[in-house]
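Structure file run.tsv (TSV, C-alpha atoms and all ligand atoms) is printed below.
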chain	number	residue	atom	x	y	z
A	128	MET	CA	-5.44	-15.52	-28.78
A	129	ALA	CA	-1.92	-14.81	-27.56
A	130	ARG	CA	1.34	-16.71	-27.25
A	131	ILE	CA	2.52	-16.76	-23.65
A	132	LEU	CA	6.02	-17.73	-22.58
A	133	LEU	CA	5.41	-19.01	-19.05
A	134	ILE	CA	8.44	-19.02	-16.75
A	135	ILE	CA	7.76	-21.14	-13.68
A	136	GLY	CA	9.84	-20.47	-10.57
A	137	GLY	CA	10.65	-22.96	-7.84
A	138	GLY	CA	8.03	-22.41	-5.14
A	139	ILE	CA	5.16	-24.38	-3.68
A	140	ALA	CA	2.75	-22.30	-5.80
A	141	ALA	CA	4.28	-23.85	-8.95
A	142	TYR	CA	1.43	-26.36	-9.00
A	143	LYS	CA	-0.93	-23.45	-9.66
A	144	ALA	CA	1.02	-22.73	-12.85
A	145	ALA	CA	-0.32	-26.04	-14.17
A	146	GLU	CA	-3.85	-24.80	-13.46
A	147	LEU	CA	-3.02	-21.52	-15.19
A	148	VAL	CA	-1.86	-23.38	-18.29
A	149	ARG	CA	-5.19	-25.23	-18.37
A	150	HIS	CA	-7.16	-21.94	-18.13
A	151	ALA	CA	-4.98	-20.25	-20.74
A	152	ARG	CA	-5.45	-23.12	-23.18
A	153	LYS	CA	-9.20	-23.05	-22.59
A	154	GLY	CA	-9.10	-19.33	-23.40
A	155	GLY	CA	-7.42	-20.15	-26.73
A	156	HIS	CA	-3.91	-18.99	-25.80
A	157	GLU	CA	-0.71	-20.84	-26.71
A	158	VAL	CA	1.60	-21.49	-23.75
A	159	THR	CA	5.28	-22.41	-23.86
A	160	PRO	CA	6.46	-23.40	-20.37
A	161	VAL	CA	10.00	-22.86	-19.09
A	162	LEU	CA	10.89	-24.43	-15.74
A	163	THR	CA	13.73	-23.38	-13.46
A	164	ASP	CA	15.65	-26.17	-11.69
A	165	GLY	CA	13.68	-25.40	-8.52
A	166	ALA	CA	10.34	-25.56	-10.31
A	167	GLN	CA	11.09	-29.12	-11.42
A	168	HIS	CA	10.99	-30.19	-7.77
A	169	PHE	CA	7.34	-29.08	-7.60
A	170	VAL	CA	5.96	-29.85	-11.08
A	171	THR	CA	7.31	-32.05	-13.85
A	172	PRO	CA	8.10	-30.95	-17.39
A	173	MET	CA	6.01	-33.95	-18.51
A	174	SER	CA	2.76	-32.77	-16.88
A	175	LEU	CA	3.25	-29.23	-18.19
A	176	ALA	CA	3.99	-30.45	-21.70
A	177	ALA	CA	0.77	-32.46	-21.61
A	178	LEU	CA	-1.33	-29.53	-20.35
A	179	ALA	CA	0.30	-26.97	-22.66
A	180	GLU	CA	0.48	-29.33	-25.65
A	181	SER	CA	3.86	-27.73	-26.24
A	182	PRO	CA	7.53	-28.52	-25.74
A	183	VAL	CA	8.80	-27.53	-22.29
A	184	TYR	CA	12.20	-25.91	-21.87
A	185	THR	CA	14.44	-26.32	-18.83
A	186	SER	CA	18.07	-25.84	-19.74
A	187	LEU	CA	20.25	-23.39	-21.57
A	188	TRP	CA	22.61	-26.23	-22.39
A	189	ASP	CA	20.13	-28.33	-24.28
A	190	LEU	CA	21.96	-28.11	-27.58
A	191	LYS	CA	19.14	-29.64	-29.58
A	192	ASP	CA	16.92	-26.74	-28.58
A	193	GLU	CA	19.65	-24.23	-29.36
A	194	VAL	CA	19.79	-25.64	-32.86
A	195	GLU	CA	16.02	-25.75	-33.32
A	196	MET	CA	15.26	-22.59	-31.38
A	197	GLY	CA	17.92	-20.53	-29.65
A	198	HIS	CA	17.25	-18.78	-26.36
A	199	ILE	CA	17.02	-15.39	-28.07
A	200	GLU	CA	14.33	-16.62	-30.44
A	201	LEU	CA	12.51	-18.40	-27.63
A	202	SER	CA	12.42	-15.17	-25.62
A	203	ARG	CA	10.82	-13.34	-28.53
A	204	ALA	CA	8.59	-15.94	-30.11
A	205	ALA	CA	5.88	-15.16	-27.54
A	206	ASP	CA	3.61	-12.10	-27.38
A	207	HIS	CA	3.94	-11.90	-23.63
A	208	VAL	CA	6.23	-13.30	-20.94
A	209	LEU	CA	4.65	-14.34	-17.64
A	210	VAL	CA	6.72	-15.30	-14.60
A	211	CYS	CA	4.46	-17.40	-12.37
A	212	PRO	CA	5.14	-18.07	-9.61
A	213	ALA	CA	7.96	-15.57	-9.22
A	214	THR	CA	9.98	-16.52	-6.13
A	215	ALA	CA	11.95	-13.99	-4.08
A	216	GLY	CA	15.16	-15.39	-5.58
A	217	LEU	CA	13.98	-15.14	-9.17
A	218	ILE	CA	12.74	-11.57	-8.58
A	219	ALA	CA	16.12	-10.64	-7.07
A	220	LYS	CA	17.93	-12.05	-10.11
A	221	MET	CA	15.63	-10.15	-12.46
A	222	ALA	CA	16.17	-6.91	-10.54
A	223	ALA	CA	19.93	-7.40	-10.69
A	224	GLY	CA	19.90	-8.44	-14.35
A	225	LEU	CA	21.56	-11.80	-13.67
A	226	ALA	CA	21.44	-14.45	-16.37
A	227	THR	CA	22.37	-17.68	-14.61
A	228	ASP	CA	20.02	-20.18	-16.21
A	229	LEU	CA	17.55	-20.48	-19.09
A	230	ALA	CA	14.72	-18.61	-17.30
A	231	THR	CA	16.79	-15.58	-16.29
A	232	THR	CA	18.56	-15.49	-19.66
A	233	LEU	CA	15.22	-15.41	-21.48
A	234	LEU	CA	14.05	-12.62	-19.19
A	235	LEU	CA	17.08	-10.51	-20.08
A	236	ALA	CA	16.90	-11.30	-23.77
A	237	THR	CA	13.20	-10.68	-24.34
A	238	ASP	CA	11.82	-7.59	-26.05
A	239	LYS	CA	8.23	-8.48	-25.11
A	240	PRO	CA	6.06	-7.18	-22.23
A	241	VAL	CA	6.71	-9.07	-18.99
A	242	THR	CA	4.25	-9.75	-16.16
A	243	VAL	CA	5.47	-11.08	-12.81
A	244	ALA	CA	3.16	-12.90	-10.37
A	245	PRO	CA	5.08	-13.15	-7.07
A	246	ALA	CA	4.38	-15.87	-4.50
A	247	MET	CA	6.38	-16.41	-1.35
A	248	ASN	CA	6.30	-16.48	2.43
A	249	VAL	CA	4.92	-13.26	3.94
A	250	ARG	CA	8.21	-12.33	5.68
A	251	MET	CA	10.11	-12.82	2.42
A	252	TRP	CA	7.55	-10.65	0.61
A	253	GLU	CA	7.76	-7.91	3.22
A	254	HIS	CA	11.55	-7.99	3.44
A	255	PRO	CA	13.02	-4.62	2.41
A	256	ALA	CA	15.25	-6.39	-0.13
A	257	THR	CA	12.26	-7.94	-1.90
A	258	GLN	CA	10.31	-4.67	-1.79
A	259	ARG	CA	13.33	-2.89	-3.23
A	260	ASN	CA	13.57	-5.47	-6.02
A	261	ILE	CA	9.85	-5.18	-6.78
A	262	ALA	CA	10.17	-1.39	-7.01
A	263	GLN	CA	13.11	-1.88	-9.38
A	264	LEU	CA	11.10	-4.23	-11.63
A	265	ARG	CA	8.22	-1.76	-11.74
A	266	ALA	CA	10.63	1.06	-12.57
A	267	ASP	CA	11.95	-1.16	-15.38
A	268	GLY	CA	8.44	-1.25	-16.87
A	269	ILE	CA	7.54	-4.76	-15.71
A	270	ASN	CA	3.91	-5.41	-14.79
A	271	VAL	CA	4.26	-6.76	-11.22
A	272	LEU	CA	1.02	-8.15	-9.76
A	273	ASP	CA	0.40	-7.88	-6.04
A	274	PRO	CA	0.15	-11.21	-4.22
A	275	ASP	CA	-3.10	-12.13	-2.47
A	276	GLU	CA	-3.41	-12.11	1.27
A	277	GLY	CA	-4.45	-15.16	3.27
A	278	PRO	CA	-3.26	-18.37	4.98
A	279	MET	CA	-0.09	-19.72	3.42
A	280	ALA	CA	1.34	-23.18	2.83
A	281	CYS	CA	3.98	-22.44	5.50
A	282	GLY	CA	1.27	-21.84	8.14
A	283	GLU	CA	1.68	-18.06	8.29
A	284	PHE	CA	-0.87	-15.46	7.23
A	285	GLY	CA	-0.48	-12.36	5.11
A	286	PRO	CA	0.37	-11.16	1.62
A	287	GLY	CA	2.40	-13.60	-0.47
A	288	ARG	CA	-0.16	-16.02	-1.92
A	289	LEU	CA	-0.33	-16.44	-5.67
A	290	PRO	CA	-3.59	-14.94	-6.99
A	291	ASP	CA	-6.07	-17.26	-8.74
A	292	PRO	CA	-4.91	-18.34	-12.21
A	293	GLU	CA	-8.03	-16.64	-13.62
A	294	ALA	CA	-7.05	-13.33	-12.01
A	295	ILE	CA	-3.48	-13.61	-13.29
A	296	LEU	CA	-4.66	-14.22	-16.83
A	297	ALA	CA	-7.09	-11.31	-16.57
A	298	ALA	CA	-4.16	-9.10	-15.52
A	299	LEU	CA	-2.17	-9.86	-18.67
A	300	PRO	CA	-2.47	-7.14	-21.26
A	301	LEU	CA	-3.18	-9.66	-24.00
A	302	GLY	CA	-5.53	-7.50	-26.09
A	303	ASP	CA	-2.61	-6.37	-28.19
A	304	ALA	CA	0.23	-8.15	-26.53
A	305	THR	CA	3.00	-6.16	-28.13
A	306	THR	CA	1.84	-2.83	-26.71
A	307	PRO	CA	0.59	-2.06	-23.21
A	308	PRO	CA	-3.17	-1.42	-23.43
A	309	LEU	CA	-2.93	2.34	-23.28
A	310	ALA	CA	-4.97	4.51	-25.61
A	311	GLY	CA	-5.03	2.98	-29.05
A	312	ALA	CA	-4.60	-0.71	-28.16
A	313	GLU	CA	-6.79	-3.07	-30.15
A	314	GLY	CA	-9.86	-4.53	-28.47
A	315	PRO	CA	-13.63	-4.17	-28.36
A	316	LEU	CA	-13.30	-0.90	-26.39
A	317	THR	CA	-10.55	0.66	-28.51
A	318	GLY	CA	-11.11	4.39	-28.85
A	319	LYS	CA	-13.51	4.53	-25.87
A	320	HIS	CA	-12.91	6.38	-22.61
A	321	VAL	CA	-14.02	4.46	-19.54
A	322	LEU	CA	-14.22	6.25	-16.20
A	323	VAL	CA	-14.20	4.11	-13.04
A	324	THR	CA	-14.45	5.12	-9.37
A	325	ALA	CA	-13.27	2.65	-6.75
A	326	GLY	CA	-12.65	2.20	-3.05
A	327	PRO	CA	-14.00	4.12	-0.07
A	328	THR	CA	-13.77	7.81	0.64
A	329	HIS	CA	-12.34	9.14	3.89
A	330	GLU	CA	-14.06	12.09	5.53
A	331	PRO	CA	-11.87	13.83	8.13
A	332	ILE	CA	-13.18	14.27	11.67
A	333	ASP	CA	-10.03	15.98	12.93
A	334	PRO	CA	-6.39	16.09	11.69
A	335	VAL	CA	-5.81	12.41	12.58
A	336	ARG	CA	-9.23	10.72	12.37
A	337	VAL	CA	-11.50	9.86	9.47
A	338	LEU	CA	-14.92	8.35	8.82
A	339	ALA	CA	-14.51	5.49	6.38
A	340	ASN	CA	-16.12	2.25	5.20
A	341	LYS	CA	-14.87	-1.25	4.48
A	342	SER	CA	-14.65	-1.03	0.68
A	343	SER	CA	-11.34	-2.57	-0.51
A	344	GLY	CA	-11.48	-1.19	-4.05
A	345	LYS	CA	-10.84	-4.67	-5.50
A	346	GLN	CA	-13.98	-4.80	-7.67
A	347	GLY	CA	-13.45	-1.33	-9.15
A	348	PHE	CA	-9.75	-1.99	-9.82
A	349	ALA	CA	-10.63	-5.30	-11.52
A	350	ILE	CA	-13.14	-3.45	-13.76
A	351	ALA	CA	-10.55	-0.79	-14.66
A	352	GLN	CA	-8.07	-3.56	-15.47
A	353	ALA	CA	-10.53	-5.49	-17.65
A	354	ALA	CA	-11.52	-2.29	-19.48
A	355	ALA	CA	-7.85	-1.49	-20.23
A	356	ALA	CA	-7.27	-5.04	-21.44
A	357	ALA	CA	-10.28	-4.56	-23.77
A	358	GLY	CA	-8.47	-1.60	-25.34
A	359	ALA	CA	-10.19	1.31	-23.56
A	360	ARG	CA	-8.49	4.44	-22.31
A	361	VAL	CA	-9.25	4.09	-18.61
A	362	THR	CA	-9.32	6.76	-15.91
A	363	LEU	CA	-9.52	5.20	-12.46
A	364	ILE	CA	-10.42	7.57	-9.64
A	365	ALA	CA	-9.45	5.78	-6.48
A	366	GLY	CA	-10.23	6.51	-2.85
A	367	PRO	CA	-7.66	5.55	-0.19
A	368	VAL	CA	-6.78	1.90	-0.94
A	369	SER	CA	-3.50	0.01	-1.01
A	370	LEU	CA	-3.86	-1.63	-4.42
A	371	PRO	CA	-1.40	-1.41	-7.30
A	372	THR	CA	-2.48	0.51	-10.39
A	373	PRO	CA	-3.61	-1.98	-13.05
A	374	PHE	CA	-1.43	-2.09	-16.13
A	375	GLY	CA	-2.27	0.57	-18.71
A	376	VAL	CA	-4.70	2.45	-16.43
A	377	SER	CA	-4.36	6.11	-15.60
A	378	ARG	CA	-5.12	6.67	-11.91
A	379	ILE	CA	-6.12	9.71	-9.90
A	380	ASP	CA	-5.94	9.28	-6.12
A	381	VAL	CA	-8.45	11.16	-4.00
A	382	THR	CA	-9.44	11.12	-0.33
A	383	THR	CA	-12.86	12.69	0.20
A	384	ALA	CA	-16.17	12.40	-1.65
A	385	GLN	CA	-15.91	16.03	-2.75
A	386	GLU	CA	-12.44	15.36	-4.24
A	387	MET	CA	-13.76	12.25	-5.99
A	388	HIS	CA	-16.68	14.27	-7.37
A	389	ASP	CA	-14.35	16.99	-8.68
A	390	ALA	CA	-11.95	14.46	-10.26
A	391	VAL	CA	-14.84	12.68	-12.02
A	392	MET	CA	-16.25	15.93	-13.40
A	393	THR	CA	-12.89	17.11	-14.71
A	394	SER	CA	-12.30	13.68	-16.34
A	395	LEU	CA	-15.40	14.03	-18.55
A	396	PRO	CA	-16.28	13.37	-21.31
A	397	ALA	CA	-16.42	9.58	-21.07
A	398	ASP	CA	-18.19	6.96	-23.15
A	399	VAL	CA	-18.79	4.75	-20.14
A	400	ALA	CA	-18.76	5.53	-16.40
A	401	VAL	CA	-18.74	2.72	-13.86
A	402	MET	CA	-19.22	4.16	-10.40
A	403	VAL	CA	-18.04	1.41	-8.09
A	404	ALA	CA	-16.76	3.53	-5.20
A	405	ALA	CA	-18.47	3.32	-1.83
A	406	VAL	CA	-18.76	7.07	-1.43
A	407	ALA	CA	-19.52	8.45	2.04
A	408	ASP	CA	-22.99	10.00	1.97
A	409	TRP	CA	-22.16	12.56	4.66
A	410	ARG	CA	-19.14	14.47	5.95
A	411	PRO	CA	-18.65	15.92	9.41
A	412	GLN	CA	-17.40	19.45	9.95
A	413	PRO	CA	-13.77	18.60	10.78
A	414	SER	CA	-12.14	20.03	13.88
A	415	ASP	CA	-8.86	21.93	13.23
A	416	LYS	CA	-7.32	20.43	16.37
A	417	LYS	CA	-7.09	16.81	17.42
A	418	LEU	CA	-10.14	16.03	19.59
A	419	LYS	CA	-9.27	14.94	23.12
A	420	LYS	CA	-10.94	12.35	25.32
A	421	GLY	CA	-12.00	15.16	27.64
A	422	ASP	CA	-13.91	16.82	24.77
A	423	GLY	CA	-16.55	14.05	24.89
A	424	PRO	CA	-19.34	13.18	24.79
A	425	LEU	CA	-18.83	14.07	21.19
A	426	GLU	CA	-21.47	15.31	18.81
A	427	LEU	CA	-20.74	15.39	15.11
A	428	LYS	CA	-22.85	17.39	12.69
A	429	PHE	CA	-22.97	16.05	9.16
A	430	SER	CA	-23.64	17.67	5.84
A	431	SER	CA	-24.51	15.76	2.65
A	432	ASN	CA	-21.83	14.89	0.12
A	433	PRO	CA	-22.53	15.33	-3.57
A	434	ASP	CA	-23.93	12.17	-5.18
A	435	ILE	CA	-21.49	11.60	-8.04
A	436	LEU	CA	-23.61	9.04	-9.89
A	437	ALA	CA	-26.76	11.16	-9.65
A	438	THR	CA	-24.84	14.25	-10.80
A	439	LEU	CA	-23.59	12.33	-13.85
A	440	GLY	CA	-27.17	11.16	-14.54
A	441	GLU	CA	-28.24	14.76	-15.13
A	442	HIS	CA	-24.99	16.15	-16.50
A	443	PRO	CA	-24.96	17.79	-19.95
A	444	ASP	CA	-21.92	15.57	-20.68
A	445	ARG	CA	-23.64	12.45	-19.33
A	446	PRO	CA	-21.61	9.35	-20.33
A	447	GLY	CA	-23.40	7.30	-22.98
A	448	LEU	CA	-23.52	4.30	-20.65
A	449	LEU	CA	-23.82	5.15	-16.96
A	450	ILE	CA	-23.44	2.29	-14.51
A	451	GLY	CA	-23.83	2.40	-10.73
A	452	PHE	CA	-23.31	-0.16	-8.03
A	453	ALA	CA	-25.63	-0.93	-5.16
A	454	ALA	CA	-24.26	-2.66	-2.10
A	455	GLU	CA	-27.27	-3.86	-0.15
A	456	THR	CA	-27.85	-6.14	2.81
A	457	HIS	CA	-31.58	-6.67	2.15
A	458	ASP	CA	-34.21	-6.23	-0.63
A	459	VAL	CA	-31.26	-6.14	-3.00
A	460	ILE	CA	-33.14	-6.04	-6.32
A	461	GLU	CA	-35.94	-3.69	-5.23
A	462	ASN	CA	-33.42	-1.22	-3.83
A	463	ALA	CA	-31.32	-1.45	-6.99
A	464	LYS	CA	-34.30	-0.78	-9.26
A	465	GLY	CA	-35.21	2.30	-7.23
A	466	LYS	CA	-31.61	3.50	-7.33
A	467	ARG	CA	-31.43	3.08	-11.12
A	468	GLU	CA	-34.42	5.35	-11.60
A	469	ARG	CA	-33.57	7.90	-8.92
A	470	LYS	CA	-30.00	8.37	-10.12
A	471	LYS	CA	-30.87	8.16	-13.84
A	472	ALA	CA	-28.32	5.39	-14.38
A	473	ASP	CA	-28.61	2.92	-17.25
A	474	TRP	CA	-27.59	-0.12	-15.25
A	475	ILE	CA	-27.19	-0.91	-11.58
A	476	VAL	CA	-24.88	-3.72	-10.57
A	477	ALA	CA	-26.42	-4.92	-7.32
A	478	ASN	CA	-24.50	-7.01	-4.87
A	479	ASP	CA	-25.53	-8.55	-1.61
A	480	VAL	CA	-22.97	-7.42	0.97
A	481	SER	CA	-24.52	-9.23	3.92
A	482	GLY	CA	-21.62	-11.79	3.75
A	483	ASP	CA	-17.89	-11.04	3.44
A	484	VAL	CA	-18.04	-9.34	0.02
A	485	MET	CA	-16.38	-6.17	1.29
A	486	GLY	CA	-12.66	-6.91	1.18
A	487	GLY	CA	-13.22	-10.49	-0.10
A	488	ASP	CA	-12.30	-11.81	-3.54
A	489	ARG	CA	-15.72	-13.05	-4.68
A	490	ASN	CA	-18.99	-11.38	-5.55
A	491	THR	CA	-22.58	-12.32	-6.41
A	492	ILE	CA	-24.19	-9.93	-8.85
A	493	HIS	CA	-27.65	-9.03	-10.14
A	494	LEU	CA	-27.46	-6.76	-13.16
A	495	VAL	CA	-30.48	-4.45	-13.20
A	496	THR	CA	-31.14	-2.79	-16.58
A	497	ALA	CA	-34.20	-0.90	-17.90
A	498	ASP	CA	-36.02	-4.03	-19.00
A	499	ARG	CA	-34.61	-6.94	-17.05
A	500	VAL	CA	-32.64	-8.33	-14.13
A	501	ASP	CA	-29.86	-10.86	-14.75
A	502	ASP	CA	-28.70	-13.00	-11.85
A	503	TRP	CA	-25.03	-13.90	-12.23
A	504	GLU	CA	-23.50	-16.88	-10.48
A	505	GLU	CA	-21.08	-16.20	-7.64
A	506	ALA	CA	-17.63	-15.58	-9.13
A	507	THR	CA	-14.29	-13.94	-8.42
A	508	LYS	CA	-14.26	-10.15	-8.65
A	509	HIS	CA	-12.01	-10.50	-11.70
A	510	ALA	CA	-14.52	-12.79	-13.43
A	511	VAL	CA	-17.34	-10.36	-12.57
A	512	ALA	CA	-15.27	-7.51	-14.03
A	513	GLN	CA	-14.64	-9.42	-17.26
A	514	LYS	CA	-18.32	-10.30	-17.63
A	515	LEU	CA	-19.35	-6.69	-17.08
A	516	ILE	CA	-16.79	-5.42	-19.59
A	517	ASP	CA	-17.99	-8.03	-22.14
A	518	ARG	CA	-21.56	-6.81	-21.63
A	519	ILE	CA	-20.45	-3.17	-21.95
A	520	SER	CA	-18.53	-3.99	-25.15
A	521	ASP	CA	-21.59	-5.74	-26.65
A	522	THR	CA	-23.80	-2.79	-25.75
A	523	ILE	CA	-21.74	0.12	-27.00
A	524	SER	CA	-20.00	-1.35	-30.04
B	1	LIG	O1	-27.09	5.48	-2.80
B	1	LIG	P1	-25.97	4.51	-2.78
B	1	LIG	O2	-24.74	5.03	-2.09
B	1	LIG	O3	-26.34	3.14	-2.28
B	1	LIG	O4	-25.62	4.34	-4.33
B	1	LIG	C1	-24.55	3.56	-4.76
B	1	LIG	C2	-24.10	4.02	-6.10
B	1	LIG	O5	-24.04	5.45	-6.16
B	1	LIG	C3	-22.70	3.56	-6.41
B	1	LIG	O6	-22.57	3.45	-7.81
B	1	LIG	C4	-21.85	4.69	-5.87
B	1	LIG	O7	-20.57	4.74	-6.47
B	1	LIG	C5	-22.68	5.89	-6.24
B	1	LIG	N1	-22.54	7.02	-5.32
B	1	LIG	C6	-21.93	8.17	-5.78
B	1	LIG	N2	-21.82	9.27	-4.94
B	1	LIG	C7	-22.32	9.24	-3.69
B	1	LIG	C8	-22.96	8.06	-3.21
B	1	LIG	C9	-23.03	6.96	-4.05
B	1	LIG	O8	-21.46	8.19	-6.91
B	1	LIG	N3	-22.21	10.28	-2.92
Please re-express this file's structure in structure tokens.
Amino acid sequence: MARILLIIGGGIAAYKAAELVRHARKGGHEVTPVLTDGAQHFVTPMSLAALAESPVYTSLWDLKDEVEMGHIELSRAADHVLVCPATAGLIAKMAAGLATDLATTLLLATDKPVTVAPAMNVRMWEHPATQRNIAQLRADGINVLDPDEGPMACGEFGPGRLPDPEAILAALPLGDATTPPLAGAEGPLTGKHVLVTAGPTHEPIDPVRVLANKSSGKQGFAIAQAAAAAGARVTLIAGPVSLPTPFGVSRIDVTTAQEMHDAVMTSLPADVAVMVAAVADWRPQPSDKKLKKGDGPLELKFSSNPDILATLGEHPDRPGLLIGFAAETHDVIENAKGKRERKKADWIVANDVSGDVMGGDRNTIHLVTADRVDDWEEATKHAVAQKLIDRISDTIS
């Protein structure tokens, strides 16, 4: 249970803040909403007060509130401050340190961890000024979430959508809200080291070309994030993906399967290893020079890459709980069972990738363990991550 000060900016995504309040309350958190003037054009203080079962604050000049609770106290009474949605304007004010209304004053006055969930038109998001402001917020130690990509209310397509309320809540380091969930934070995985691989690997063909696959890294990053929020020390070994590092996670970027293998081995020992990466099984012998059209028809000779999961299965420092993934398009469970035995893993998380799982935000999972198979309902990758981390926590604690 945490106390969240929720600052709602004036954008079309403000209605999703109402949904977030509902989820947060269901999760047992207390929410105190603060609305900017703009936000009140999209959602009313009345509906938020009803959902949050809390007073809602809108103005610095509300003297009654200053008597009962001044803005300094309000900014510190929470465990965590969440700005959702954060508009381009609000982000710019935060980056500049402006205090022009209640929301921006609270953001300057707080001594609590702050998470920002931006939502805006794609051009506004991509504008160099916004990107500069985001970089500034991150440099200031603020946990800035990346927006989702997709069709937008304004009819355009691209990054700028507010992530699902569930995903935003999962991204809040609420385990011990006063400290980022680095080593030592309180939670069911406190004191444990969790090693996660994520994303694809790229195998060079020549200096400018690679062999790759469609893994986005989203599921592995969500697992790393959920593990950190559960108090674990997390090492995330990531192939080439364009995802932000989850809060409190220590990340090692690699390109090839061999590099990923080496990074995993040097990160041992670990209590839990979750090998989510879609590692290339083979690598070509790369050409030193860029191949030219005239060089074709082209023949590539492949050699096998090390199997990281299988190596861990037989390693003297084998993690106590070793978990692999199996992306399959057919005979999902049978293939996963075979993989579990062959690679000496404890669990295999099998997912059917015949649809748009790769790169998408949802996943359907079958958890294959030594004695049973659990079929999980389709859910967001963040919800899958949380469920897996809960299961891991129950198993190893
Ligand atoms: O054999 P397959 O690639 O389907 O196995 C998938 C599982 O094995 C995943 O957990 C993946 O991260 C892991 N793997 C690995 N190293 C490889 C190939 C797969 O760790 N070279």
Give me the residues of chain A that have any atom at most 6 Å from an atom of ligand LIG 1 (chain B); for each, the nearest atom pair and the distance in Å, rounded to one decimal. Use all atoms listed in the file, sort by chain and number, and format it as JSON lines.
{"residue": "A:Met402", "atom": "CA", "partner": "B:LIG1", "partner_atom": "O7", "distance": 4.2}
{"residue": "A:Val403", "atom": "CA", "partner": "B:LIG1", "partner_atom": "O7", "distance": 4.5}
{"residue": "A:Ala404", "atom": "CA", "partner": "B:LIG1", "partner_atom": "O7", "distance": 4.2}
{"residue": "A:Ala405", "atom": "CA", "partner": "B:LIG1", "partner_atom": "O7", "distance": 5.3}
{"residue": "A:Val406", "atom": "CA", "partner": "B:LIG1", "partner_atom": "C8", "distance": 4.7}
{"residue": "A:Ala407", "atom": "CA", "partner": "B:LIG1", "partner_atom": "N3", "distance": 5.9}
{"residue": "A:Asp408", "atom": "CA", "partner": "B:LIG1", "partner_atom": "N3", "distance": 5.0}
{"residue": "A:Asn432", "atom": "CA", "partner": "B:LIG1", "partner_atom": "N3", "distance": 5.5}
{"residue": "A:Pro433", "atom": "CA", "partner": "B:LIG1", "partner_atom": "N3", "distance": 5.1}
{"residue": "A:Asp434", "atom": "CA", "partner": "B:LIG1", "partner_atom": "N3", "distance": 3.4}
{"residue": "A:Ile435", "atom": "CA", "partner": "B:LIG1", "partner_atom": "O8", "distance": 3.6}
{"residue": "A:Leu436", "atom": "CA", "partner": "B:LIG1", "partner_atom": "O8", "distance": 3.8}
{"residue": "A:Gly451", "atom": "CA", "partner": "B:LIG1", "partner_atom": "O6", "distance": 3.3}
{"residue": "A:Phe452", "atom": "CA", "partner": "B:LIG1", "partner_atom": "O6", "distance": 3.7}
{"residue": "A:Ala453", "atom": "CA", "partner": "B:LIG1", "partner_atom": "C1", "distance": 4.6}
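Proximity to A:Thr393 was assessed for A:Thr232, A:Thr362, A:Thr171, A:Thr507 counting all atoms listed in the file; the smallest distance is recorded for A:Thr362.
Every protein, DNA or RNA residue with an atom at most 10 Å from A:Thr383, where only C-alpha atoms count and chain neighbours fewer than 6 positions away do not, is listed here: Pro327, Thr328, His329, Glu330, Pro331, Val337, Leu338, Ala339, Gly366, Pro367, Asp389, Val406, Ala407, Arg410 and Asn432 of chain A.
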Write a file of the just-selected residues containing C-alpha atoms, as an mmCIF file, keeping the file's coordinate frame.
data_model
loop_
_atom_site.group_PDB
_atom_site.id
_atom_site.type_symbol
_atom_site.label_atom_id
_atom_site.label_comp_id
_atom_site.auth_asym_id
_atom_site.auth_seq_id
_atom_site.Cartn_x
_atom_site.Cartn_y
_atom_site.Cartn_z
ATOM 1 C CA PRO A 327 -14.000 4.120 -0.070
ATOM 2 C CA THR A 328 -13.770 7.810 0.640
ATOM 3 C CA HIS A 329 -12.340 9.140 3.890
ATOM 4 C CA GLU A 330 -14.060 12.090 5.530
ATOM 5 C CA PRO A 331 -11.870 13.830 8.130
ATOM 6 C CA VAL A 337 -11.500 9.860 9.470
ATOM 7 C CA LEU A 338 -14.920 8.350 8.820
ATOM 8 C CA ALA A 339 -14.510 5.490 6.380
ATOM 9 C CA GLY A 366 -10.230 6.510 -2.850
ATOM 10 C CA PRO A 367 -7.660 5.550 -0.190
ATOM 11 C CA ASP A 389 -14.350 16.990 -8.680
ATOM 12 C CA VAL A 406 -18.760 7.070 -1.430
ATOM 13 C CA ALA A 407 -19.520 8.450 2.040
ATOM 14 C CA ARG A 410 -19.140 14.470 5.950
ATOM 15 C CA ASN A 432 -21.830 14.890 0.120
#
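Among the candidates A:Lys419, A:Lys470, A:Arg259, A:Arg499, the one nearest to A:Ile218 when counting only C-alpha atoms is A:Arg259.
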*Could you check which of A:Ile475, A:Ala151, A:Val208, A:Val495 is closest to A:Glu293, using only C-alpha atoms?*
A:Ala151
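Between A:Lys428 and the candidates A:Asp275, A:Pro446, A:Trp409, A:Pro212, the tightest atom-to-atom separation, counting all atoms listed in the file, involves A:Trp409.
The interatomic distance for the pair atom CA of A:Cys211 and atom CA of A:Leu233 works out to 14.2 Å.
What separates atom CA of A:Gly155 from atom CA of A:Gly314 is a distance of 15.9 Å.
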From the block you just saw, export stretch 437-448 of chain A: C-alpha atoms, as a PDB file, in the first residue's frame.
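Final output, part_31.pdb:
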ATOM      1  CA  ALA A 437      21.354 -24.544 -21.770  1.00  0.00           C
ATOM      2  CA  THR A 438      24.796 -23.385 -20.598  1.00  0.00           C
ATOM      3  CA  LEU A 439      23.237 -22.048 -17.379  1.00  0.00           C
ATOM      4  CA  GLY A 440      21.374 -25.362 -16.939  1.00  0.00           C
ATOM      5  CA  GLU A 441      24.696 -27.183 -16.571  1.00  0.00           C
ATOM      6  CA  HIS A 442      26.741 -24.403 -14.999  1.00  0.00           C
ATOM      7  CA  PRO A 443      28.425 -25.003 -11.627  1.00  0.00           C
ATOM      8  CA  ASP A 444      26.890 -21.657 -10.569  1.00  0.00           C
ATOM      9  CA  ARG A 445      23.463 -22.589 -11.937  1.00  0.00           C
ATOM     10  CA  PRO A 446      20.866 -20.066 -10.658  1.00  0.00           C
ATOM     11  CA  GLY A 447      18.542 -21.627  -8.080  1.00  0.00           C
ATOM     12  CA  LEU A 448      15.540 -20.936 -10.291  1.00  0.00           C
TER      13      LEU A 448
END
